[in-house]
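Accompanying notes for the structure given below.
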Amino acid sequence: MAKNGMSPRDYFSLAFGSMIGIGWVISVPAWMSSAGSIGAVIAILITMCIIIPIGFVYGELTSSLRVSGGEFAYTFKALGKLPAFICGWFLILGYLIILPWVAISVAALIAYLFPVMNSIPLYTVLGSKIYLPHLLISFLMVGIIVYLNWKGAKQSSTFQNIATLLMVITFLVFIIGGFISGSPTNMKPLFPSGNLSSGIALAIASIIFFMNGFDTIPKTVSEADSSINYSNLGKAITGTIVMGSLLYVLIVLSSSFIMPASQLVNLGELPLIAAFETATGSNLLAGIIVFGVLMGVITTFNGFLFAGSRLITSFAKAGFLPKIFSKVDSRYKTPKNSLIFMLVISVAGIVMGQGILLPLIVMGGISFLIAWFFMALSSISLRKKDPNLHRPYKAPGGIVMGYIAAVFSGLLLLLMIVPGTPISLKGIEYVLFIIWAAAGLLMYAIYHKQYIQIEELTYTKGEIVNE
């Protein structure tokens, strides 16, 4: 780290822009269909209450442990080698799943404005037709964002700030336009016709996946400005969770005014945009919303690429992966090999299409839950082992908040893994989970005997540098 690094505003834009992407356009109608309009609001608020304790834990550990790598590094400090590997291994999976899925969404958004893109079909994978223009647009976006990240953290964070601001402005257009052009009579049903708790549980299972993003901050702490107040990083994490949740609530309420959920779910790949255009009768306003969603998609990709490349590099530097992934660019000091690897994975995912990627989305949710669970356990362990550790940002309630975060994240994890629950994995998802876990066991068997070295961040002449 050095002067002119990332500021608290940069970190908030990174986290908030990563959280609010395209998921709301696709998934809000499904949340409303499962839980009803008011039930979906309740599901969001419950999810927020579940994740806020986890955010408190993240804030405390990020401000207290001056190490590079984020969750797995904190887990190593608190719990040891194997828990650290499990945490980092599944986090990498989450990031690798998100990137191609988001990249494909860029082409879908542009095709909404320019339907001519839905031409020159090349092949079909699991019912998903792949068009040449879609591939080219997704490849172009990925190439540009990878290039910005290669050039340096400041270029990436500046872009993130601008794109996040534009995204928020267009969300306000959608929310206000929905309330004005819609009607409260469209909100029915307010709750699911069947079992209320099951409907809300199904919505929560999906919402969790779209609430991550705040966890990009710990992985990029080595990019912070040398004068940064570390307590502000904790505030940025919890602030992202609260503001993101409240924005989702407003989007659900506005959407429920526009059109009943039973009609929304039948409006194609981008149901909320189609419904908004129908309700307002304005192609221009719909185009503005598409632009805002596009900004959200790009900030999500940029944020997770930025954080994920640092995660993989730190994981390799620690000794858990081949050292080739630890290399940084000699000129820009950016994680070039990790960026190349994530570029390759993104391109491969784009080529395979949504038909293959959709079953992986739930896997992404489990990956983040695993990391959240280990972060909660780490905070408890450190509170016991090192009660006098300097904590610029302290979780309210101290160790009790750590236990609350562990119970919430652990319970959700069990409900997803144990068969027969409303949110448990399906057949193909269990297979994918087992495959990734087996690959992790193999990787750990190869590298577990190596000396694990976590990169410390220390102050030198007023600046923070990597040792």
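Please note that chains go A, B, ... in the order of the structure tokens, that every chain numbers its residues from 1, and that ligands are numbered from 1 in the order shown.
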Residues of stretch 314-412 of chain A at most 9 Å from stretch 111-132 of chain A: nearest atom pair and distance in Å, only C-alpha atoms, as JSON lines:
{"residue": "A:Val351", "atom": "CA", "partner": "A:Ile130", "partner_atom": "CA", "distance": 7.7}
{"residue": "A:Met352", "atom": "CA", "partner": "A:Val125", "partner_atom": "CA", "distance": 6.7}
{"residue": "A:Gly353", "atom": "CA", "partner": "A:Ser128", "partner_atom": "CA", "distance": 6.5}
{"residue": "A:Gln354", "atom": "CA", "partner": "A:Ser128", "partner_atom": "CA", "distance": 6.2}
{"residue": "A:Gly355", "atom": "CA", "partner": "A:Leu126", "partner_atom": "CA", "distance": 4.9}
{"residue": "A:Ile356", "atom": "CA", "partner": "A:Leu126", "partner_atom": "CA", "distance": 6.7}
Which residues are close to stretch 398-409 of chain A, i.e. within 9 Å by only C-alpha atoms, leaving aside same-chain residues fewer than 6 positions away? Reply as a list in words.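 Final neighbour list, sorted by chain and number: Ile50, Ile51, Ile52, Pro53, Ile54, Gly55, Phe56, Val57, Leu369, Ile370, Trp372, Phe373, Phe374, Met375, Ala376, Leu377, Ser378, Ser379, Ile380, Ser381, Arg383 and Lys384 of chain A.
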Can you list, as a compact mmCIF listing (two decimals) with N, CA and C atoms, in the first residue's frame, every protein, DNA or RNA residue that comes within 9 Å of A:Leu270 when you count only C-alpha atoms, leaving out same-chain residues fewer than 3 positions away?
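Done, and the output landed in result08.txt:
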# COMPACT_ATOMS: atom_id res chain seq x y z
N VAL A 25 -32.96 -7.42 -11.61
CA VAL A 25 -33.80 -7.40 -12.81
C VAL A 25 -34.36 -8.78 -13.10
N ILE A 26 -33.55 -9.81 -12.85
CA ILE A 26 -33.95 -11.18 -13.17
C ILE A 26 -34.69 -11.83 -12.01
N ALA A 108 -26.99 -9.77 -22.95
CA ALA A 108 -28.46 -9.86 -22.88
C ALA A 108 -29.08 -8.48 -22.74
N LEU A 109 -28.44 -7.60 -21.97
CA LEU A 109 -28.94 -6.24 -21.79
C LEU A 109 -28.89 -5.45 -23.10
N TYR A 112 -31.46 -6.37 -25.57
CA TYR A 112 -32.81 -5.86 -25.31
C TYR A 112 -33.05 -4.57 -26.09
N LEU A 267 -42.19 -12.54 -18.56
CA LEU A 267 -41.76 -11.48 -19.47
C LEU A 267 -40.34 -11.64 -19.97
N ILE A 273 -37.52 -4.82 -16.73
CA ILE A 273 -37.36 -3.79 -17.75
C ILE A 273 -38.53 -3.83 -18.73
N ALA A 274 -38.93 -5.03 -19.13
CA ALA A 274 -40.08 -5.16 -20.04
C ALA A 274 -41.34 -4.62 -19.38
N ALA A 275 -41.54 -4.92 -18.09
CA ALA A 275 -42.73 -4.43 -17.38
C ALA A 275 -42.68 -2.91 -17.24
Could you check which of A:Tyr74, A:Trp31, A:Tyr444, A:Tyr58 is closest to A:Val249, using only C-alpha atoms?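 Checking each of A:Tyr74, A:Trp31, A:Tyr444, A:Tyr58 against A:Val249, counting only C-alpha atoms, the winner is A:Trp31.
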With only C-alpha atoms as the atoms that count, which of A:Ile207, A:Met32, A:Ala15, A:Ala437 lies nearest to A:Leu264?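 So, comparing all the options, the nearest one is A:Met32.
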Using only C-alpha atoms, which of the listed residues (A:Met6, A:Val347, A:Leu412, A:Ile162) sits closest to A:Ile217? A:Met6
Need the shell around A:Ser346: protein/DNA/RNA residues with any atom at most 12 Å away, counting only C-alpha atoms. Skip same-chain ones fewer than 3 positions apart. Format as a CSV table (one decimal) with all heavy atoms, in the first residue's frame?
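Saved as result.csv:
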chain,number,residue,atom,x,y,z
A,95,TYR,N,-16.1,-16.7,-6.8
A,95,TYR,CA,-15.7,-15.7,-7.7
A,95,TYR,C,-15.6,-16.2,-9.2
A,95,TYR,O,-16.0,-15.5,-10.1
A,95,TYR,CB,-14.3,-15.1,-7.3
A,95,TYR,CG,-14.4,-14.1,-6.2
A,95,TYR,CD1,-14.7,-14.5,-4.9
A,95,TYR,CD2,-14.3,-12.8,-6.4
A,95,TYR,CE1,-14.8,-13.6,-3.8
A,95,TYR,CE2,-14.5,-11.8,-5.4
A,95,TYR,CZ,-14.7,-12.3,-4.1
A,95,TYR,OH,-14.9,-11.4,-3.1
A,96,LEU,N,-15.2,-17.4,-9.4
A,96,LEU,CA,-15.1,-17.9,-10.7
A,96,LEU,C,-16.4,-18.2,-11.3
A,96,LEU,O,-16.6,-18.1,-12.5
A,96,LEU,CB,-14.3,-19.2,-10.7
A,96,LEU,CG,-12.8,-19.1,-10.3
A,96,LEU,CD1,-12.1,-20.5,-10.4
A,96,LEU,CD2,-12.1,-18.1,-11.2
A,97,ILE,N,-17.5,-18.4,-10.5
A,97,ILE,CA,-18.8,-18.6,-11.0
A,97,ILE,C,-19.4,-17.3,-11.4
A,97,ILE,O,-20.1,-17.2,-12.4
A,97,ILE,CB,-19.7,-19.3,-9.9
A,97,ILE,CG1,-19.3,-20.8,-9.7
A,97,ILE,CG2,-21.2,-19.2,-10.2
A,97,ILE,CD1,-19.9,-21.5,-8.6
A,98,ILE,N,-19.2,-16.3,-10.5
A,98,ILE,CA,-19.9,-15.0,-10.8
A,98,ILE,C,-19.5,-14.3,-12.1
A,98,ILE,O,-20.3,-13.8,-12.8
A,98,ILE,CB,-19.6,-14.1,-9.6
A,98,ILE,CG1,-20.5,-14.4,-8.4
A,98,ILE,CG2,-19.9,-12.6,-10.0
A,98,ILE,CD1,-20.3,-13.6,-7.2
A,99,LEU,N,-18.2,-14.4,-12.4
A,99,LEU,CA,-17.6,-13.6,-13.5
A,99,LEU,C,-18.3,-13.9,-14.8
A,99,LEU,O,-18.8,-13.0,-15.5
A,99,LEU,CB,-16.1,-13.7,-13.5
A,99,LEU,CG,-15.4,-13.0,-12.4
A,99,LEU,CD1,-13.9,-13.2,-12.5
A,99,LEU,CD2,-15.7,-11.6,-12.3
A,100,PRO,N,-18.3,-15.2,-15.3
A,100,PRO,CA,-18.9,-15.5,-16.6
A,100,PRO,C,-20.4,-15.2,-16.6
A,100,PRO,O,-20.9,-14.8,-17.6
A,100,PRO,CB,-18.5,-16.9,-16.9
A,100,PRO,CG,-18.2,-17.5,-15.5
A,100,PRO,CD,-17.6,-16.4,-14.7
A,101,TRP,N,-21.0,-15.5,-15.5
A,101,TRP,CA,-22.5,-15.3,-15.5
A,101,TRP,C,-22.8,-13.8,-15.6
A,101,TRP,O,-23.7,-13.5,-16.4
A,101,TRP,CB,-23.0,-15.8,-14.1
A,101,TRP,CG,-24.5,-15.8,-14.0
A,101,TRP,CD1,-25.4,-16.6,-14.5
A,101,TRP,CD2,-25.3,-14.8,-13.3
A,101,TRP,NE1,-26.7,-16.3,-14.2
A,101,TRP,CE2,-26.7,-15.2,-13.4
A,101,TRP,CE3,-25.0,-13.7,-12.5
A,101,TRP,CZ2,-27.7,-14.5,-12.9
A,101,TRP,CZ3,-26.0,-12.9,-12.0
A,101,TRP,CH2,-27.4,-13.3,-12.1
A,102,VAL,N,-22.0,-13.0,-15.0
A,102,VAL,CA,-22.2,-11.5,-15.2
A,102,VAL,C,-21.9,-11.1,-16.6
A,102,VAL,O,-22.6,-10.2,-17.2
A,102,VAL,CB,-21.4,-10.7,-14.1
A,102,VAL,CG1,-21.4,-9.3,-14.4
A,102,VAL,CG2,-21.9,-11.0,-12.7
A,103,ALA,N,-20.8,-11.6,-17.2
A,103,ALA,CA,-20.4,-11.2,-18.5
A,103,ALA,C,-21.5,-11.5,-19.5
A,103,ALA,O,-21.7,-10.8,-20.5
A,103,ALA,CB,-19.1,-11.9,-18.9
A,104,ILE,N,-22.1,-12.7,-19.4
A,104,ILE,CA,-23.2,-13.1,-20.3
A,104,ILE,C,-24.3,-12.1,-20.2
A,104,ILE,O,-25.0,-11.8,-21.2
A,104,ILE,CB,-23.7,-14.5,-20.0
A,104,ILE,CG1,-22.6,-15.5,-20.4
A,104,ILE,CG2,-25.0,-14.8,-20.7
A,104,ILE,CD1,-22.9,-16.9,-20.0
A,135,LEU,N,-21.5,-13.3,-28.0
A,135,LEU,CA,-20.2,-13.7,-27.6
A,135,LEU,C,-19.2,-12.6,-27.7
A,135,LEU,O,-18.4,-12.3,-26.8
A,135,LEU,CB,-19.7,-14.9,-28.4
A,135,LEU,CG,-20.4,-16.3,-28.2
A,135,LEU,CD1,-19.8,-17.3,-29.2
A,135,LEU,CD2,-20.2,-16.7,-26.8
A,138,SER,N,-19.7,-9.8,-25.0
A,138,SER,CA,-19.2,-10.3,-23.7
A,138,SER,C,-17.7,-10.3,-23.7
A,138,SER,O,-17.1,-9.9,-22.7
A,138,SER,CB,-19.8,-11.7,-23.4
A,138,SER,OG,-21.2,-11.6,-23.2
A,139,PHE,N,-17.1,-10.8,-24.7
A,139,PHE,CA,-15.6,-10.9,-24.8
A,139,PHE,C,-15.1,-9.5,-24.7
A,139,PHE,O,-14.1,-9.2,-24.0
A,139,PHE,CB,-15.2,-11.5,-26.1
A,139,PHE,CG,-15.5,-13.0,-26.2
A,139,PHE,CD1,-15.5,-13.6,-27.5
A,139,PHE,CD2,-15.7,-13.8,-25.1
A,139,PHE,CE1,-15.8,-15.0,-27.6
A,139,PHE,CE2,-16.0,-15.1,-25.2
A,139,PHE,CZ,-16.0,-15.7,-26.4
A,140,LEU,N,-15.7,-8.5,-25.4
A,140,LEU,CA,-15.2,-7.1,-25.4
A,140,LEU,C,-15.2,-6.5,-24.0
A,140,LEU,O,-14.3,-5.9,-23.6
A,140,LEU,CB,-16.0,-6.3,-26.4
A,140,LEU,CG,-15.6,-4.8,-26.5
A,140,LEU,CD1,-14.2,-4.7,-27.0
A,140,LEU,CD2,-16.6,-4.1,-27.4
A,141,MET,N,-16.4,-6.7,-23.3
A,141,MET,CA,-16.5,-6.2,-22.0
A,141,MET,C,-15.4,-6.8,-21.0
A,141,MET,O,-14.8,-6.1,-20.3
A,141,MET,CB,-17.9,-6.5,-21.4
A,141,MET,CG,-18.2,-5.8,-20.1
A,141,MET,SD,-17.6,-6.6,-18.6
A,141,MET,CE,-18.6,-8.1,-18.6
A,142,VAL,N,-15.3,-8.1,-21.1
A,142,VAL,CA,-14.3,-8.8,-20.2
A,142,VAL,C,-12.9,-8.3,-20.5
A,142,VAL,O,-12.1,-8.0,-19.6
A,142,VAL,CB,-14.4,-10.3,-20.4
A,142,VAL,CG1,-13.2,-11.0,-19.7
A,142,VAL,CG2,-15.7,-10.8,-19.9
A,143,GLY,N,-12.6,-8.1,-21.8
A,143,GLY,CA,-11.2,-7.6,-22.2
A,143,GLY,C,-11.0,-6.2,-21.7
A,143,GLY,O,-9.9,-6.0,-21.1
A,145,ILE,N,-12.4,-4.6,-19.0
A,145,ILE,CA,-12.3,-4.6,-17.6
A,145,ILE,C,-11.0,-5.2,-17.1
A,145,ILE,O,-10.4,-4.7,-16.2
A,145,ILE,CB,-13.5,-5.2,-16.9
A,145,ILE,CG1,-14.8,-4.5,-17.4
A,145,ILE,CG2,-13.4,-5.2,-15.4
A,145,ILE,CD1,-14.9,-3.1,-17.0
A,146,VAL,N,-10.6,-6.3,-17.7
A,146,VAL,CA,-9.3,-6.9,-17.3
A,146,VAL,C,-8.2,-6.0,-17.6
A,146,VAL,O,-7.2,-5.9,-16.8
A,146,VAL,CB,-9.1,-8.3,-18.1
A,146,VAL,CG1,-7.7,-8.8,-17.9
A,146,VAL,CG2,-10.1,-9.3,-17.6
A,301,PHE,N,-18.9,-7.1,-12.2
A,301,PHE,CA,-17.8,-7.8,-12.8
A,301,PHE,C,-16.4,-7.2,-12.4
A,301,PHE,O,-15.5,-7.9,-11.9
A,301,PHE,CB,-17.9,-7.8,-14.3
A,301,PHE,CG,-16.9,-8.6,-15.0
A,301,PHE,CD1,-17.2,-9.9,-15.3
A,301,PHE,CD2,-15.6,-8.2,-15.3
A,301,PHE,CE1,-16.3,-10.8,-15.9
A,301,PHE,CE2,-14.7,-9.0,-15.9
A,301,PHE,CZ,-15.0,-10.3,-16.2
A,304,PHE,N,-15.7,-7.9,-8.5
A,304,PHE,CA,-15.3,-9.3,-8.2
A,304,PHE,C,-14.0,-9.7,-8.9
A,304,PHE,O,-13.3,-10.5,-8.4
A,304,PHE,CB,-16.5,-10.2,-8.6
A,304,PHE,CG,-17.5,-10.3,-7.5
A,304,PHE,CD1,-18.7,-9.6,-7.7
A,304,PHE,CD2,-17.3,-10.9,-6.3
A,304,PHE,CE1,-19.7,-9.6,-6.7
A,304,PHE,CE2,-18.3,-10.9,-5.3
A,304,PHE,CZ,-19.5,-10.3,-5.5
A,305,LEU,N,-13.8,-9.1,-10.1
A,305,LEU,CA,-12.5,-9.4,-10.7
A,305,LEU,C,-11.4,-8.8,-9.9
A,305,LEU,O,-10.3,-9.4,-9.7
A,305,LEU,CB,-12.5,-8.8,-12.2
A,305,LEU,CG,-11.2,-9.0,-12.9
A,305,LEU,CD1,-11.0,-10.4,-13.4
A,305,LEU,CD2,-11.1,-8.0,-14.2
A,339,LEU,N,-5.2,-12.4,-13.1
A,339,LEU,CA,-6.1,-11.8,-14.0
A,339,LEU,C,-6.2,-12.6,-15.3
A,339,LEU,O,-7.3,-12.7,-15.8
A,339,LEU,CB,-5.6,-10.3,-14.3
A,339,LEU,CG,-5.8,-9.3,-13.2
A,339,LEU,CD1,-5.0,-8.0,-13.5
A,339,LEU,CD2,-7.3,-9.0,-13.0
A,340,ILE,N,-5.1,-13.1,-15.8
A,340,ILE,CA,-5.2,-13.9,-17.0
A,340,ILE,C,-6.0,-15.2,-16.8
A,340,ILE,O,-6.8,-15.6,-17.6
A,340,ILE,CB,-3.7,-14.3,-17.5
A,340,ILE,CG1,-3.0,-13.0,-18.0
A,340,ILE,CG2,-3.8,-15.3,-18.6
A,340,ILE,CD1,-1.5,-13.2,-18.2
A,341,PHE,N,-5.8,-15.8,-15.6
A,341,PHE,CA,-6.5,-17.0,-15.3
A,341,PHE,C,-8.0,-16.7,-15.2
A,341,PHE,O,-8.9,-17.5,-15.8
A,341,PHE,CB,-6.1,-17.6,-13.9
A,341,PHE,CG,-6.9,-18.7,-13.4
A,341,PHE,CD1,-6.8,-19.9,-14.1
A,341,PHE,CD2,-7.6,-18.6,-12.3
A,341,PHE,CE1,-7.6,-21.0,-13.6
A,341,PHE,CE2,-8.4,-19.6,-11.8
A,341,PHE,CZ,-8.4,-20.8,-12.4
A,342,MET,N,-8.4,-15.6,-14.6
A,342,MET,CA,-9.8,-15.3,-14.5
A,342,MET,C,-10.4,-14.9,-15.8
A,342,MET,O,-11.6,-15.1,-16.1
A,342,MET,CB,-10.0,-14.2,-13.4
A,342,MET,CG,-9.6,-14.6,-12.0
A,342,MET,SD,-9.8,-13.3,-10.8
A,342,MET,CE,-11.5,-13.7,-10.3
A,343,LEU,N,-9.6,-14.3,-16.7
A,343,LEU,CA,-10.0,-14.0,-18.0
A,343,LEU,C,-10.3,-15.3,-18.8
A,343,LEU,O,-11.4,-15.4,-19.5
A,343,LEU,CB,-8.9,-13.2,-18.8
A,343,LEU,CG,-9.0,-13.0,-20.3
A,343,LEU,CD1,-10.3,-12.1,-20.6
A,343,LEU,CD2,-7.8,-12.4,-20.9
A,349,GLY,N,-16.6,-19.7,-19.6
A,349,GLY,CA,-18.0,-19.7,-19.2
A,349,GLY,C,-18.9,-19.0,-20.1
A,349,GLY,O,-20.1,-19.5,-20.4
A,350,ILE,N,-18.5,-18.0,-20.8
A,350,ILE,CA,-19.3,-17.3,-21.8
A,350,ILE,C,-19.6,-18.2,-22.9
A,350,ILE,O,-20.7,-18.3,-23.5
A,350,ILE,CB,-18.6,-16.0,-22.3
A,350,ILE,CG1,-18.5,-15.0,-21.2
A,350,ILE,CG2,-19.3,-15.4,-23.5
A,350,ILE,CD1,-17.5,-13.8,-21.5
A,351,VAL,N,-18.6,-19.0,-23.4
A,351,VAL,CA,-18.8,-19.9,-24.5
A,351,VAL,C,-19.8,-21.0,-24.1
A,351,VAL,O,-20.5,-21.4,-25.0
A,351,VAL,CB,-17.4,-20.5,-24.9
A,351,VAL,CG1,-17.6,-21.6,-25.9
A,351,VAL,CG2,-16.5,-19.4,-25.5
A,352,MET,N,-19.8,-21.4,-22.9
A,352,MET,CA,-20.7,-22.5,-22.5
A,352,MET,C,-22.1,-22.0,-22.4
A,352,MET,O,-23.0,-22.8,-22.6
A,352,MET,CB,-20.2,-23.1,-21.2
A,352,MET,CG,-18.9,-23.9,-21.3
A,352,MET,SD,-18.5,-24.8,-19.8
A,352,MET,CE,-18.1,-23.5,-18.7
A,353,GLY,N,-22.3,-20.8,-22.0
A,353,GLY,CA,-23.7,-20.2,-21.9
A,353,GLY,C,-24.4,-20.4,-20.6
A,353,GLY,O,-23.9,-21.1,-19.7
A,357,LEU,N,-24.2,-22.5,-16.7
A,357,LEU,CA,-23.9,-21.7,-15.6
A,357,LEU,C,-25.0,-21.6,-14.5
A,357,LEU,O,-24.7,-21.5,-13.3
A,357,LEU,CB,-23.6,-20.3,-16.0
A,357,LEU,CG,-22.3,-20.1,-16.8
A,357,LEU,CD1,-22.1,-18.7,-17.3
A,357,LEU,CD2,-21.1,-20.5,-16.0
